[in-house]
Amino acid sequence: MATIPEALNLARQHHQAGRLQEAEALYRQILQVKPDHPDALNLLGLIAHQVGQHHVAVDYISRAIGLNPAVQDFHNNIGEAYRAQGKLEEAVAQYRQALALKPTYAEAHSNLGLALQAQGKLEDAVAHYRQALSLKPAFAEAHFNLGNVLHAQGKLEESVVSYRQALSLKPAYAEVYNNLGCVLKELGKLEEAIAHYRQALAFKPAFAEAHVNLGAALLE
C-alpha cells in the first residue's frame with residue numbers, strides 16, 4: 001500500500017468524486033494499519049452518513065472526536081448524523097461545538113439553523129442562516145434554507161428574494177424551484193408557480209412533491 005498520507009489523499013479524491021466504495025476501501029485499509037487514525041474514522045463515518053447508516057456514522061465520528069476533539073469538521077459531521085436521526089438536541093450541541101472551535105464556519109451555522117428550525121426556533125434559525133451568508137454570500141443552500149424559514153414565518157416576499165438568490169447561484173436547484181412555486185401560488189401568481197414546478201421537474205423528473213404541486217396548481 002502507499003503511505004498513509006498518499007492513501008488518504010487518494011481516498012479523499014474518490015470520496016469527492018462520489019466513488020464511495022473505492023474511498024471506503026482505502027479508509028479501511030488505513031485503519032488496518034493505524035486503527036486510531038482520526039481522519040480516516042471521520043471520513044468513514046461521513047460515508048456511512050451519506051448512505052443512510054447514521055448510527056454507524058455516529059460511532060465512527062465519535063471515535064474520531066475522542067482522538068482529536070479540536071477538529072471542527074468532526075463535530076459538524078456528527079451533528080449531521082444526529083440531525084438525520086432526529087436527535088436535534090445532540091445535533092445542536094455538536095454544531096455549537098464546531099462553531100466554538102471555528103466561529104466563521106458557514107456550513108455549521110447553516111446546519112445549526114436547520115436543527116433550530118426543526119425545533120421550531122425560527123428566529124434563531126434565521127439568525128444563523130444570515131450569519132452563514134455574511135460569511136459566505138455565495139452559499140446557495142443557505143439562501144434556500146433562509147427562504148424556507150421566511151416562508152414558514154409568512155414572510156412571502158422576503159422568501160421569494162432568498163429563493164431567487166439561491167437560483168442565481170445554483171440554476172439547476174430543483175428544490176428551490178418547487179418551493180418558490182409554492183410561495184408564488186400563495187401570492188396568487190398561479191401561472192408563474194406552474195412554470196416553476198415544471199422547471200423543478202425538468203431538473204429532477206422523479207421529484208414526487210413537484211408533480212403533486214403541479215397537479216394541484218393545474219387543477220386550480
# chains A, B, ... in the order shown; residues from 1 in each chain; ligands from 1
>>> residues_around(residues="Leu218 (chain A)", least_positions_apart="3", cutoff="10 Å", atoms="only C-alpha atoms", output="PyMOL selection string")
chain A and resi 190-191+193-194+212-215
>>> residues_around(residues="Gln13 (chain A)", least_positions_apart="5", cutoff="12 Å", atoms="only C-alpha atoms", output="PyMOL selection string")
chain A and resi 6-8+18-20+22-24+26-27+43
>>> write_last_selection(atoms="C-alpha atoms", output="mmCIF file, in the first residue's frame")
data_model
loop_
_atom_site.group_PDB
_atom_site.id
_atom_site.type_symbol
_atom_site.label_atom_id
_atom_site.label_comp_id
_atom_site.auth_asym_id
_atom_site.auth_seq_id
_atom_site.Cartn_x
_atom_site.Cartn_y
_atom_site.Cartn_z
ATOM 1 C CA GLU A 6 -0.921 9.142 -0.006
ATOM 2 C CA ALA A 7 -3.712 6.642 0.606
ATOM 3 C CA LEU A 8 -5.775 9.250 2.458
ATOM 4 C CA GLY A 18 -18.712 10.171 -5.424
ATOM 5 C CA ARG A 19 -16.823 6.873 -5.706
ATOM 6 C CA LEU A 20 -17.799 5.872 -2.190
ATOM 7 C CA GLU A 22 -13.349 2.948 -3.521
ATOM 8 C CA ALA A 23 -12.986 5.609 -0.834
ATOM 9 C CA GLU A 24 -14.356 3.325 1.869
ATOM 10 C CA LEU A 26 -8.991 2.861 1.266
ATOM 11 C CA TYR A 27 -10.185 4.319 4.583
ATOM 12 C CA LEU A 43 -14.409 10.127 6.715
#
>>> residues_around(residues="Pro171 (chain A)", least_positions_apart="3", cutoff="12 Å", atoms="only C-alpha atoms", output="count of residues only")
17
>>> closest_residue(among="A:Arg63, A:His55, A:His109, A:Lys87", to="Leu146 (chain A)", atoms="only C-alpha atoms")
A:His109
>>> atom_distance(atom1="CA of Ala195 (chain A)", atom2="CA of His211 (chain A)")
12.2 Å
>>> residues_around(residues="Leu67 (chain A)", least_positions_apart="5", cutoff="10 Å", atoms="only C-alpha atoms", output="number ranges by chain")
A: 36-39, 41, 61-62
>>> write_last_selection(atoms="N, CA and C atoms", output="PDB file, in the first residue's frame")
ATOM      1  N   ASP A  36      -6.216   4.016  15.008  1.00  0.00           N
ATOM      2  CA  ASP A  36      -6.592   5.262  15.689  1.00  0.00           C
ATOM      3  C   ASP A  36      -6.350   6.493  14.818  1.00  0.00           C
ATOM      4  N   HIS A  37      -6.550   6.338  13.500  1.00  0.00           N
ATOM      5  CA  HIS A  37      -6.365   7.466  12.587  1.00  0.00           C
ATOM      6  C   HIS A  37      -7.658   8.288  12.558  1.00  0.00           C
ATOM      7  N   PRO A  38      -7.686   9.466  13.182  1.00  0.00           N
ATOM      8  CA  PRO A  38      -8.948  10.191  13.322  1.00  0.00           C
ATOM      9  C   PRO A  38      -9.574  10.629  11.996  1.00  0.00           C
ATOM     10  N   ASP A  39      -8.754  11.048  11.030  1.00  0.00           N
ATOM     11  CA  ASP A  39      -9.321  11.491   9.758  1.00  0.00           C
ATOM     12  C   ASP A  39      -9.994  10.340   9.022  1.00  0.00           C
ATOM     13  N   LEU A  41     -11.287   7.661  10.389  1.00  0.00           N
ATOM     14  CA  LEU A  41     -12.515   7.337  11.130  1.00  0.00           C
ATOM     15  C   LEU A  41     -13.624   8.334  10.800  1.00  0.00           C
ATOM     16  N   ILE A  61     -17.478   8.613  13.973  1.00  0.00           N
ATOM     17  CA  ILE A  61     -17.061  10.004  14.194  1.00  0.00           C
ATOM     18  C   ILE A  61     -16.849  10.271  15.683  1.00  0.00           C
ATOM     19  N   SER A  62     -17.599   9.606  16.534  1.00  0.00           N
ATOM     20  CA  SER A  62     -17.361   9.726  17.977  1.00  0.00           C
ATOM     21  C   SER A  62     -15.945   9.273  18.323  1.00  0.00           C
TER      22      SER A  62
END
>>> select_by_dssp(residues="region 29-212 of chain A", states="helix (DSSP H, G or I)", output="PyMOL selection string")
chain A and resi 29-33+38-50+54-67+72-84+88-101+106-118+122-135+140-152+156-169+174-186+190-203+208-212
>>> residues_around(residues="Arg83 (chain A)", least_positions_apart="2", cutoff="12 Å", atoms="only C-alpha atoms", output="NGL selection string")
:A and (49 or 52 or 54-55 or 57-58 or 76-81 or 85-95 or 111-119)
>>> residues_around(residues="His143 (chain A)", least_positions_apart="6", cutoff="12 Å", atoms="only C-alpha atoms", output="number ranges by chain")
A: 106-107, 110, 113, 126, 128-134, 136-137, 149-150, 158-170, 173, 176
>>> residues_around(residues="Ala98 (chain A)", least_positions_apart="4", cutoff="7 Å", atoms="only C-alpha atoms", output="PyMOL selection string")
chain A and resi 72-73+75-76+94+102+108
>>> write_last_selection(atoms="all heavy atoms", output="PDB file, in the first residue's frame")
ATOM      1  N   GLN A  72     -13.120  20.989  14.021  1.00  0.00           N
ATOM      2  CA  GLN A  72     -14.495  21.450  13.870  1.00  0.00           C
ATOM      3  C   GLN A  72     -15.306  20.577  12.908  1.00  0.00           C
ATOM      4  O   GLN A  72     -16.513  20.364  13.113  1.00  0.00           O
ATOM      5  CB  GLN A  72     -14.532  22.912  13.419  1.00  0.00           C
ATOM      6  CG  GLN A  72     -13.948  23.206  12.054  1.00  0.00           C
ATOM      7  CD  GLN A  72     -12.456  23.514  12.104  1.00  0.00           C
ATOM      8  OE1 GLN A  72     -11.808  23.368  13.155  1.00  0.00           O
ATOM      9  NE2 GLN A  72     -11.904  23.959  10.979  1.00  0.00           N
ATOM     10  N   ASP A  73     -14.670  20.048  11.863  1.00  0.00           N
ATOM     11  CA  ASP A  73     -15.402  19.234  10.894  1.00  0.00           C
ATOM     12  C   ASP A  73     -15.969  17.979  11.535  1.00  0.00           C
ATOM     13  O   ASP A  73     -17.052  17.516  11.153  1.00  0.00           O
ATOM     14  CB  ASP A  73     -14.488  18.831   9.729  1.00  0.00           C
ATOM     15  CG  ASP A  73     -14.192  19.979   8.788  1.00  0.00           C
ATOM     16  OD1 ASP A  73     -14.866  21.022   8.898  1.00  0.00           O
ATOM     17  OD2 ASP A  73     -13.294  19.842   7.947  1.00  0.00           O
ATOM     18  N   HIS A  75     -17.129  17.626  14.547  1.00  0.00           N
ATOM     19  CA  HIS A  75     -18.341  17.990  15.285  1.00  0.00           C
ATOM     20  C   HIS A  75     -19.490  18.320  14.330  1.00  0.00           C
ATOM     21  O   HIS A  75     -20.642  17.926  14.581  1.00  0.00           O
ATOM     22  CB  HIS A  75     -18.050  19.163  16.217  1.00  0.00           C
ATOM     23  CG  HIS A  75     -17.096  18.821  17.314  1.00  0.00           C
ATOM     24  ND1 HIS A  75     -17.470  18.115  18.438  1.00  0.00           N
ATOM     25  CD2 HIS A  75     -15.762  19.062  17.459  1.00  0.00           C
ATOM     26  CE1 HIS A  75     -16.415  17.953  19.227  1.00  0.00           C
ATOM     27  NE2 HIS A  75     -15.375  18.513  18.655  1.00  0.00           N
ATOM     28  N   ASN A  76     -19.189  19.019  13.248  1.00  0.00           N
ATOM     29  CA  ASN A  76     -20.228  19.307  12.261  1.00  0.00           C
ATOM     30  C   ASN A  76     -20.760  18.018  11.636  1.00  0.00           C
ATOM     31  O   ASN A  76     -21.981  17.842  11.479  1.00  0.00           O
ATOM     32  CB  ASN A  76     -19.675  20.233  11.172  1.00  0.00           C
ATOM     33  CG  ASN A  76     -20.719  20.597  10.135  1.00  0.00           C
ATOM     34  OD1 ASN A  76     -21.700  21.270  10.429  1.00  0.00           O
ATOM     35  ND2 ASN A  76     -20.526  20.121   8.905  1.00  0.00           N
ATOM     36  N   GLN A  94     -23.490  19.667  18.983  1.00  0.00           N
ATOM     37  CA  GLN A  94     -22.294  19.429  18.172  1.00  0.00           C
ATOM     38  C   GLN A  94     -22.014  20.592  17.224  1.00  0.00           C
ATOM     39  O   GLN A  94     -20.854  20.974  17.037  1.00  0.00           O
ATOM     40  CB  GLN A  94     -22.437  18.118  17.404  1.00  0.00           C
ATOM     41  CG  GLN A  94     -22.420  16.881  18.282  1.00  0.00           C
ATOM     42  CD  GLN A  94     -21.092  16.690  18.997  1.00  0.00           C
ATOM     43  OE1 GLN A  94     -20.032  17.106  18.510  1.00  0.00           O
ATOM     44  NE2 GLN A  94     -21.128  16.065  20.155  1.00  0.00           N
ATOM     45  N   LYS A 102     -14.528  27.148  15.555  1.00  0.00           N
ATOM     46  CA  LYS A 102     -14.338  27.992  14.365  1.00  0.00           C
ATOM     47  C   LYS A 102     -15.592  28.850  14.157  1.00  0.00           C
ATOM     48  O   LYS A 102     -16.524  28.433  13.467  1.00  0.00           O
ATOM     49  CB  LYS A 102     -14.067  27.127  13.124  1.00  0.00           C
ATOM     50  CG  LYS A 102     -13.749  27.936  11.881  1.00  0.00           C
ATOM     51  CD  LYS A 102     -13.547  27.036  10.657  1.00  0.00           C
ATOM     52  CE  LYS A 102     -13.281  27.854   9.406  1.00  0.00           C
ATOM     53  NZ  LYS A 102     -13.154  27.010   8.184  1.00  0.00           N
ATOM     54  N   ALA A 108     -21.532  25.138   9.361  1.00  0.00           N
ATOM     55  CA  ALA A 108     -22.057  24.795  10.687  1.00  0.00           C
ATOM     56  C   ALA A 108     -23.164  25.758  11.102  1.00  0.00           C
ATOM     57  O   ALA A 108     -24.147  25.352  11.734  1.00  0.00           O
ATOM     58  CB  ALA A 108     -20.930  24.784  11.716  1.00  0.00           C
TER      59      ALA A 108
END
>>> decode(residues="region 159-171 of chain A", atoms="N, CA and C atoms", output="PDB file, in the first residue's frame")
ATOM      1  N   SER A 159     -39.100  35.649   1.284  1.00  0.00           N
ATOM      2  CA  SER A 159     -38.684  34.288   0.918  1.00  0.00           C
ATOM      3  C   SER A 159     -38.428  34.186  -0.584  1.00  0.00           C
ATOM      4  N   VAL A 160     -39.216  34.892  -1.377  1.00  0.00           N
ATOM      5  CA  VAL A 160     -39.006  34.906  -2.834  1.00  0.00           C
ATOM      6  C   VAL A 160     -37.607  35.446  -3.143  1.00  0.00           C
ATOM      7  N   VAL A 161     -37.215  36.510  -2.471  1.00  0.00           N
ATOM      8  CA  VAL A 161     -35.887  37.098  -2.694  1.00  0.00           C
ATOM      9  C   VAL A 161     -34.796  36.071  -2.393  1.00  0.00           C
ATOM     10  N   SER A 162     -34.932  35.353  -1.282  1.00  0.00           N
ATOM     11  CA  SER A 162     -33.924  34.356  -0.909  1.00  0.00           C
ATOM     12  C   SER A 162     -33.879  33.211  -1.916  1.00  0.00           C
ATOM     13  N   TYR A 163     -35.049  32.741  -2.334  1.00  0.00           N
ATOM     14  CA  TYR A 163     -35.080  31.656  -3.322  1.00  0.00           C
ATOM     15  C   TYR A 163     -34.445  32.089  -4.642  1.00  0.00           C
ATOM     16  N   ARG A 164     -34.761  33.302  -5.066  1.00  0.00           N
ATOM     17  CA  ARG A 164     -34.185  33.772  -6.338  1.00  0.00           C
ATOM     18  C   ARG A 164     -32.663  33.929  -6.223  1.00  0.00           C
ATOM     19  N   GLN A 165     -32.193  34.322  -5.048  1.00  0.00           N
ATOM     20  CA  GLN A 165     -30.757  34.425  -4.835  1.00  0.00           C
ATOM     21  C   GLN A 165     -30.115  33.039  -4.934  1.00  0.00           C
ATOM     22  N   ALA A 166     -30.767  32.035  -4.346  1.00  0.00           N
ATOM     23  CA  ALA A 166     -30.257  30.664  -4.433  1.00  0.00           C
ATOM     24  C   ALA A 166     -30.170  30.214  -5.885  1.00  0.00           C
ATOM     25  N   LEU A 167     -31.187  30.525  -6.675  1.00  0.00           N
ATOM     26  CA  LEU A 167     -31.207  30.107  -8.079  1.00  0.00           C
ATOM     27  C   LEU A 167     -30.170  30.848  -8.914  1.00  0.00           C
ATOM     28  N   SER A 168     -29.874  32.085  -8.540  1.00  0.00           N
ATOM     29  CA  SER A 168     -28.846  32.822  -9.282  1.00  0.00           C
ATOM     30  C   SER A 168     -27.475  32.168  -9.095  1.00  0.00           C
ATOM     31  N   LEU A 169     -27.306  31.481  -7.966  1.00  0.00           N
ATOM     32  CA  LEU A 169     -26.037  30.822  -7.658  1.00  0.00           C
ATOM     33  C   LEU A 169     -26.012  29.379  -8.120  1.00  0.00           C
ATOM     34  N   LYS A 170     -27.180  28.744  -8.153  1.00  0.00           N
ATOM     35  CA  LYS A 170     -27.276  27.319  -8.491  1.00  0.00           C
ATOM     36  C   LYS A 170     -28.518  27.124  -9.358  1.00  0.00           C
ATOM     37  N   PRO A 171     -28.411  27.388 -10.655  1.00  0.00           N
ATOM     38  CA  PRO A 171     -29.600  27.441 -11.521  1.00  0.00           C
ATOM     39  C   PRO A 171     -30.346  26.122 -11.683  1.00  0.00           C
TER      40      PRO A 171
END
